[in-house]
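Engineer: Questions regarding the structure given below will be posed in turn.
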Amino acid sequence: MHLSIVLVAPARAENIGAAARAMKTMGFTDLRIVASEAHLAEGARRVAHGSGEILDNITTYETLEAALHDVSFTVATTARSRSKFHYYATPAELVPLMQEKSQWINRAALVFGREDSGLTNEELALADVLTGVPMVADYPSLNLGQAVMVYCYQLASLMQIPAAPVDQADENQLQALRARVERLLSTLNVADDQKMADWIAQRIGLLEQRDTAMLHRLLHDIEKKLAE
């Protein structure tokens, strides 16, 4: 599985350098930056120390959606409790989840938010799965570079898994399922039930390939019945 690391609007060059160093140490190479030019400052290269090629190959985007243009599965990190988002995976729980996904999805991304405010609700909604680091502290916060290191260390084993031959239809199953569910909710005139819509959206990303395929079959049968 190819896993991209995406930093959204990082403010400090040193944090980007630390993230690049963590990535290089754990075998990751694809760093994407959204809405920031902080990586061009001298501090990024100084802290990266030996990871200059990762900085040299950074790709930049204006929006998170643009940065995810070729990604089929997105994991977003968050440190704050948000009423709209209830389902989280710890870094350890991500490992088996991502290992299963690697059998039918080739390109994934791990997204980190702003140092001071994290990701917006709109940006979190672009993710298939949310994750947070459980911490025993009165002020639960990790430096951006530390957070990237925690996740790269935890997910480094994924880099050792040979890329499986993935059918393009399988690669897009989750996105297609989301679109299909949204259409069905609209057809049933229940799309305004935000609690149910949010619950479905936040659970789809946890489905394994077999479950995803079975839900497609179920939705196909429902759509066929409704069309009669």
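Every chain in the structure tokens takes a letter, A first, then B, and so on in the order presented; its residues are numbered from 1, and the ligands are numbered from 1 following the presented order.
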Distance table requested - segment 84-133 of chain A against segment 32-45 of chain A, cut-off 12 Å, only C-alpha atoms: one row per qualifying residue with the closest atom pair and its distance in Å to one decimal, ordered by chain and rising residue number, as a Markdown table.
Structural biologist:
| residue | atom | partner | partner_atom | distance |
| --- | --- | --- | --- | --- |
| A:Ala109 | CA | A:Arg32 | CA | 9.6 |
| A:Leu110 | CA | A:Arg32 | CA | 10.1 |
| A:Val111 | CA | A:Arg32 | CA | 9.3 |
| A:Phe112 | CA | A:Ile33 | CA | 9.9 |
| A:Gly113 | CA | A:Val34 | CA | 9.6 |
| A:Arg114 | CA | A:Val34 | CA | 10.1 |
| A:Leu119 | CA | A:Val34 | CA | 11.5 |
| A:Glu123 | CA | A:Val34 | CA | 11.5 |
Engineer: Out of segment 6-226 of chain A, which residues get helix (DSSP H, G or I) from DSSP, as a VMD selection string?
Structural biologist: chain A and resid 13 to 26 38 to 40 42 to 48 52 to 56 64 to 67 91 to 101 121 to 124 144 to 160 168 to 171 173 to 187 194 to 204 209 to 226
Engineer: With only C-alpha atoms as the basis for distance, which of A:Met1, A:Ala201, A:Ala18, A:Ala227 is at the shortest distance from Gln146 of chain A?
Structural biologist: A:Ala18
Engineer: Counting only C-alpha atoms, which of A:Met26, A:Leu184, A:Leu3, A:Cys152 gets nearest to Lys224 of chain A?
Structural biologist: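 Ranked by minimum distance to Lys224 of chain A, first place goes to A:Leu184.
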Engineer: For Leu155 of chain A, list every protein, DNA or RNA residue within 8 Å, evaluated using only C-alpha atoms, and leave out those in the same chain fewer than 3 positions away; present the list as a PyMOL selection string.
Structural biologist: chain A and resi 91+94-95+151-152+158-159
Engineer: If you run DSSP on this backbone, which residues of segment 63-124 of chain A come out as strand (DSSP E), and could you give them as a list in words?
Structural biologist: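 Answer for segment 63-124 of chain A, restricted to strand (DSSP E): Phe73, Thr74, Val75, Ala76, Thr77, Tyr88, Ala89, Arg107, Ala108, Ala109, Leu110, Val111 and Phe112 of chain A.
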Engineer: Atoms to include: all heavy atoms. Write the selected residues as a compact mmCIF listing (two decimals), in the first residue's frame.
Structural biologist:
# COMPACT_ATOMS: atom_id res chain seq x y z
N PHE A 73 -8.45 5.84 0.16
CA PHE A 73 -8.81 5.63 1.56
C PHE A 73 -8.05 6.64 2.41
O PHE A 73 -6.83 6.72 2.35
CB PHE A 73 -8.44 4.20 2.00
CG PHE A 73 -8.95 3.85 3.38
CD1 PHE A 73 -10.29 3.56 3.59
CD2 PHE A 73 -8.10 3.82 4.47
CE1 PHE A 73 -10.77 3.25 4.85
CE2 PHE A 73 -8.56 3.51 5.73
CZ PHE A 73 -9.90 3.22 5.93
N THR A 74 -8.79 7.42 3.20
CA THR A 74 -8.19 8.51 3.96
C THR A 74 -8.41 8.34 5.45
O THR A 74 -9.54 8.10 5.90
CB THR A 74 -8.80 9.86 3.52
OG1 THR A 74 -8.55 10.05 2.12
CG2 THR A 74 -8.18 11.01 4.30
N VAL A 75 -7.34 8.47 6.21
CA VAL A 75 -7.38 8.46 7.68
C VAL A 75 -7.00 9.86 8.15
O VAL A 75 -5.97 10.39 7.75
CB VAL A 75 -6.39 7.43 8.26
CG1 VAL A 75 -6.45 7.46 9.79
CG2 VAL A 75 -6.70 6.04 7.74
N ALA A 76 -7.83 10.47 8.97
CA ALA A 76 -7.56 11.82 9.47
C ALA A 76 -7.36 11.78 10.98
O ALA A 76 -8.08 11.10 11.70
CB ALA A 76 -8.72 12.76 9.12
N THR A 77 -6.36 12.52 11.44
CA THR A 77 -6.06 12.57 12.87
C THR A 77 -6.76 13.75 13.52
O THR A 77 -6.91 14.81 12.92
CB THR A 77 -4.54 12.70 13.10
OG1 THR A 77 -4.08 13.93 12.50
CG2 THR A 77 -3.79 11.54 12.46
N TYR A 88 -13.62 6.57 16.48
CA TYR A 88 -12.18 6.78 16.36
C TYR A 88 -11.45 5.44 16.43
O TYR A 88 -11.89 4.50 17.09
CB TYR A 88 -11.66 7.66 17.49
CG TYR A 88 -12.23 9.05 17.50
CD1 TYR A 88 -13.45 9.32 18.10
CD2 TYR A 88 -11.55 10.11 16.91
CE1 TYR A 88 -13.99 10.59 18.11
CE2 TYR A 88 -12.07 11.39 16.92
CZ TYR A 88 -13.29 11.62 17.52
OH TYR A 88 -13.82 12.88 17.52
N ALA A 89 -10.31 5.38 15.78
CA ALA A 89 -9.41 4.23 15.91
C ALA A 89 -8.11 4.74 16.52
O ALA A 89 -7.63 5.81 16.17
CB ALA A 89 -9.14 3.60 14.55
N ARG A 107 -3.86 2.98 -2.67
CA ARG A 107 -3.40 4.31 -2.30
C ARG A 107 -4.23 4.87 -1.13
O ARG A 107 -5.45 5.00 -1.22
CB ARG A 107 -3.48 5.27 -3.48
CG ARG A 107 -2.67 4.81 -4.70
CD ARG A 107 -2.59 5.88 -5.76
NE ARG A 107 -1.77 7.00 -5.31
CZ ARG A 107 -0.44 7.06 -5.46
NH1 ARG A 107 0.21 6.08 -6.03
NH2 ARG A 107 0.23 8.11 -5.04
N ALA A 108 -3.54 5.18 -0.06
CA ALA A 108 -4.18 5.72 1.14
C ALA A 108 -3.43 6.97 1.60
O ALA A 108 -2.31 7.24 1.15
CB ALA A 108 -4.20 4.68 2.26
N ALA A 109 -4.05 7.72 2.50
CA ALA A 109 -3.42 8.93 3.02
C ALA A 109 -3.69 9.05 4.51
O ALA A 109 -4.76 8.66 4.99
CB ALA A 109 -3.93 10.17 2.29
N LEU A 110 -2.72 9.59 5.22
CA LEU A 110 -2.84 9.89 6.64
C LEU A 110 -2.72 11.40 6.78
O LEU A 110 -1.69 11.98 6.43
CB LEU A 110 -1.75 9.17 7.42
CG LEU A 110 -1.71 9.36 8.94
CD1 LEU A 110 -3.00 8.88 9.58
CD2 LEU A 110 -0.52 8.60 9.52
N VAL A 111 -3.76 12.05 7.30
CA VAL A 111 -3.85 13.51 7.30
C VAL A 111 -3.68 14.07 8.70
O VAL A 111 -4.33 13.61 9.66
CB VAL A 111 -5.20 13.97 6.72
CG1 VAL A 111 -5.27 15.50 6.67
CG2 VAL A 111 -5.43 13.37 5.33
N PHE A 112 -2.82 15.09 8.82
CA PHE A 112 -2.59 15.80 10.08
C PHE A 112 -3.01 17.26 9.91
O PHE A 112 -2.77 17.88 8.87
CB PHE A 112 -1.11 15.75 10.47
CG PHE A 112 -0.61 14.35 10.74
CD1 PHE A 112 -0.17 13.54 9.70
CD2 PHE A 112 -0.59 13.85 12.03
CE1 PHE A 112 0.28 12.25 9.95
CE2 PHE A 112 -0.14 12.56 12.29
CZ PHE A 112 0.29 11.76 11.25
Engineer: Which is closer to Glu182 of chain A than all the others in A:Gln103, A:Asn121, A:Thr90, A:Gln194, using only C-alpha atoms?
Structural biologist: A:Gln194
Engineer: Which of these residues is nearest to Ile5 of chain A, using only C-alpha atoms: A:Ala79, A:Val129, A:Leu174, A:Val148?
Structural biologist: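 So, comparing all the options, the nearest one is A:Val148.
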Engineer: Would you kindly return, as a PDB file with all heavy atoms, in the first residue's frame, each protein, DNA or RNA residue with an atom no farther than 12 Å from any atom of Glu93 of chain A, considering only C-alpha atoms and excluding same-chain residues fewer than 5 positions away?
Structural biologist:
ATOM      1  N   TYR A  88     -13.617   6.569  16.480  1.00  0.00           N
ATOM      2  CA  TYR A  88     -12.181   6.775  16.358  1.00  0.00           C
ATOM      3  C   TYR A  88     -11.449   5.441  16.432  1.00  0.00           C
ATOM      4  O   TYR A  88     -11.887   4.502  17.091  1.00  0.00           O
ATOM      5  CB  TYR A  88     -11.661   7.659  17.493  1.00  0.00           C
ATOM      6  CG  TYR A  88     -12.226   9.055  17.499  1.00  0.00           C
ATOM      7  CD1 TYR A  88     -13.454   9.320  18.098  1.00  0.00           C
ATOM      8  CD2 TYR A  88     -11.550  10.108  16.911  1.00  0.00           C
ATOM      9  CE1 TYR A  88     -13.994  10.590  18.107  1.00  0.00           C
ATOM     10  CE2 TYR A  88     -12.069  11.386  16.918  1.00  0.00           C
ATOM     11  CZ  TYR A  88     -13.293  11.622  17.517  1.00  0.00           C
ATOM     12  OH  TYR A  88     -13.816  12.877  17.520  1.00  0.00           O
ATOM     13  N   MET A  98      -5.729  -1.228   8.329  1.00  0.00           N
ATOM     14  CA  MET A  98      -4.996  -0.856   7.122  1.00  0.00           C
ATOM     15  C   MET A  98      -4.410  -2.080   6.423  1.00  0.00           C
ATOM     16  O   MET A  98      -4.292  -2.103   5.196  1.00  0.00           O
ATOM     17  CB  MET A  98      -3.899   0.141   7.468  1.00  0.00           C
ATOM     18  CG  MET A  98      -4.396   1.445   8.062  1.00  0.00           C
ATOM     19  SD  MET A  98      -5.337   2.441   6.884  1.00  0.00           S
ATOM     20  CE  MET A  98      -4.004   3.146   5.911  1.00  0.00           C
ATOM     21  N   GLN A  99      -4.046  -3.097   7.178  1.00  0.00           N
ATOM     22  CA  GLN A  99      -3.551  -4.324   6.564  1.00  0.00           C
ATOM     23  C   GLN A  99      -4.638  -4.963   5.709  1.00  0.00           C
ATOM     24  O   GLN A  99      -4.369  -5.433   4.602  1.00  0.00           O
ATOM     25  CB  GLN A  99      -3.078  -5.300   7.645  1.00  0.00           C
ATOM     26  CG  GLN A  99      -1.751  -4.920   8.271  1.00  0.00           C
ATOM     27  CD  GLN A  99      -1.350  -5.828   9.413  1.00  0.00           C
ATOM     28  OE1 GLN A  99      -2.194  -6.482  10.029  1.00  0.00           O
ATOM     29  NE2 GLN A  99      -0.062  -5.870   9.719  1.00  0.00           N
ATOM     30  N   GLU A 100      -5.869  -4.982   6.216  1.00  0.00           N
ATOM     31  CA  GLU A 100      -6.968  -5.535   5.439  1.00  0.00           C
ATOM     32  C   GLU A 100      -7.223  -4.684   4.205  1.00  0.00           C
ATOM     33  O   GLU A 100      -7.411  -5.204   3.095  1.00  0.00           O
ATOM     34  CB  GLU A 100      -8.231  -5.617   6.312  1.00  0.00           C
ATOM     35  CG  GLU A 100      -9.371  -6.421   5.703  1.00  0.00           C
ATOM     36  CD  GLU A 100     -10.219  -5.647   4.707  1.00  0.00           C
ATOM     37  OE1 GLU A 100     -10.309  -4.411   4.844  1.00  0.00           O
ATOM     38  OE2 GLU A 100     -10.780  -6.278   3.792  1.00  0.00           O
ATOM     39  N   VAL A 129     -11.867   7.239   7.952  1.00  0.00           N
ATOM     40  CA  VAL A 129     -11.699   6.831   9.343  1.00  0.00           C
ATOM     41  C   VAL A 129     -10.989   7.956  10.090  1.00  0.00           C
ATOM     42  O   VAL A 129     -10.076   8.591   9.554  1.00  0.00           O
ATOM     43  CB  VAL A 129     -10.864   5.532   9.456  1.00  0.00           C
ATOM     44  CG1 VAL A 129     -10.479   5.250  10.893  1.00  0.00           C
ATOM     45  CG2 VAL A 129     -11.644   4.347   8.892  1.00  0.00           C
ATOM     46  N   LEU A 130     -11.403   8.202  11.333  1.00  0.00           N
ATOM     47  CA  LEU A 130     -10.726   9.162  12.195  1.00  0.00           C
ATOM     48  C   LEU A 130      -9.880   8.416  13.210  1.00  0.00           C
ATOM     49  O   LEU A 130     -10.212   7.308  13.628  1.00  0.00           O
ATOM     50  CB  LEU A 130     -11.738  10.042  12.926  1.00  0.00           C
ATOM     51  CG  LEU A 130     -12.673  10.886  12.061  1.00  0.00           C
ATOM     52  CD1 LEU A 130     -13.545  11.774  12.944  1.00  0.00           C
ATOM     53  CD2 LEU A 130     -11.902  11.726  11.064  1.00  0.00           C
ATOM     54  N   THR A 131      -8.790   9.044  13.616  1.00  0.00           N
ATOM     55  CA  THR A 131      -7.898   8.420  14.587  1.00  0.00           C
ATOM     56  C   THR A 131      -7.353   9.470  15.546  1.00  0.00           C
ATOM     57  O   THR A 131      -7.225  10.636  15.199  1.00  0.00           O
ATOM     58  CB  THR A 131      -6.721   7.704  13.875  1.00  0.00           C
ATOM     59  OG1 THR A 131      -5.868   7.113  14.847  1.00  0.00           O
ATOM     60  CG2 THR A 131      -5.898   8.682  13.045  1.00  0.00           C
ATOM     61  N   GLY A 132      -7.077   9.030  16.762  1.00  0.00           N
ATOM     62  CA  GLY A 132      -6.482   9.911  17.763  1.00  0.00           C
ATOM     63  C   GLY A 132      -5.590   9.108  18.679  1.00  0.00           C
ATOM     64  O   GLY A 132      -5.795   7.897  18.848  1.00  0.00           O
ATOM     65  N   VAL A 133      -4.600   9.763  19.246  1.00  0.00           N
ATOM     66  CA  VAL A 133      -3.675   9.094  20.159  1.00  0.00           C
ATOM     67  C   VAL A 133      -4.216   9.227  21.578  1.00  0.00           C
ATOM     68  O   VAL A 133      -4.360  10.340  22.087  1.00  0.00           O
ATOM     69  CB  VAL A 133      -2.268   9.711  20.090  1.00  0.00           C
ATOM     70  CG1 VAL A 133      -1.331   9.019  21.069  1.00  0.00           C
ATOM     71  CG2 VAL A 133      -1.720   9.623  18.672  1.00  0.00           C
ATOM     72  N   PRO A 134      -4.543   8.105  22.262  1.00  0.00           N
ATOM     73  CA  PRO A 134      -4.998   8.203  23.644  1.00  0.00           C
ATOM     74  C   PRO A 134      -3.861   8.658  24.544  1.00  0.00           C
ATOM     75  O   PRO A 134      -2.769   8.109  24.483  1.00  0.00           O
ATOM     76  CB  PRO A 134      -5.430   6.779  23.991  1.00  0.00           C
ATOM     77  CG  PRO A 134      -5.142   5.924  22.812  1.00  0.00           C
ATOM     78  CD  PRO A 134      -4.450   6.741  21.778  1.00  0.00           C
ATOM     79  N   TYR A 151       2.564   7.733  14.379  1.00  0.00           N
ATOM     80  CA  TYR A 151       1.806   7.002  13.368  1.00  0.00           C
ATOM     81  C   TYR A 151       2.711   6.285  12.371  1.00  0.00           C
ATOM     82  O   TYR A 151       2.417   5.161  11.949  1.00  0.00           O
ATOM     83  CB  TYR A 151       0.844   7.946  12.640  1.00  0.00           C
ATOM     84  CG  TYR A 151      -0.406   8.202  13.444  1.00  0.00           C
ATOM     85  CD1 TYR A 151      -0.508   9.313  14.271  1.00  0.00           C
ATOM     86  CD2 TYR A 151      -1.478   7.319  13.395  1.00  0.00           C
ATOM     87  CE1 TYR A 151      -1.642   9.545  15.028  1.00  0.00           C
ATOM     88  CE2 TYR A 151      -2.627   7.541  14.137  1.00  0.00           C
ATOM     89  CZ  TYR A 151      -2.702   8.645  14.956  1.00  0.00           C
ATOM     90  OH  TYR A 151      -3.832   8.856  15.712  1.00  0.00           O
ATOM     91  N   GLN A 154       3.927   3.202  14.038  1.00  0.00           N
ATOM     92  CA  GLN A 154       2.879   2.197  14.189  1.00  0.00           C
ATOM     93  C   GLN A 154       2.547   1.525  12.859  1.00  0.00           C
ATOM     94  O   GLN A 154       2.257   0.325  12.804  1.00  0.00           O
ATOM     95  CB  GLN A 154       1.622   2.854  14.755  1.00  0.00           C
ATOM     96  CG  GLN A 154       0.614   1.881  15.324  1.00  0.00           C
ATOM     97  CD  GLN A 154       1.064   1.238  16.623  1.00  0.00           C
ATOM     98  OE1 GLN A 154       1.323   1.929  17.591  1.00  0.00           O
ATOM     99  NE2 GLN A 154       1.175  -0.081  16.634  1.00  0.00           N
ATOM    100  N   LEU A 155       2.600   2.301  11.775  1.00  0.00           N
ATOM    101  CA  LEU A 155       2.168   1.787  10.477  1.00  0.00           C
ATOM    102  C   LEU A 155       3.324   1.354   9.583  1.00  0.00           C
ATOM    103  O   LEU A 155       3.099   0.981   8.422  1.00  0.00           O
ATOM    104  CB  LEU A 155       1.340   2.853   9.755  1.00  0.00           C
ATOM    105  CG  LEU A 155       0.049   3.299  10.466  1.00  0.00           C
ATOM    106  CD1 LEU A 155      -0.622   4.430   9.694  1.00  0.00           C
ATOM    107  CD2 LEU A 155      -0.912   2.120  10.616  1.00  0.00           C
ATOM    108  N   LEU A 206     -14.899   1.570   8.067  1.00  0.00           N
ATOM    109  CA  LEU A 206     -14.440   0.441   8.874  1.00  0.00           C
ATOM    110  C   LEU A 206     -14.774  -0.905   8.235  1.00  0.00           C
ATOM    111  O   LEU A 206     -14.318  -1.945   8.708  1.00  0.00           O
ATOM    112  CB  LEU A 206     -15.079   0.505  10.270  1.00  0.00           C
ATOM    113  CG  LEU A 206     -14.785   1.768  11.091  1.00  0.00           C
ATOM    114  CD1 LEU A 206     -15.532   1.709  12.417  1.00  0.00           C
ATOM    115  CD2 LEU A 206     -13.295   1.928  11.333  1.00  0.00           C
TER     116      LEU A 206
END
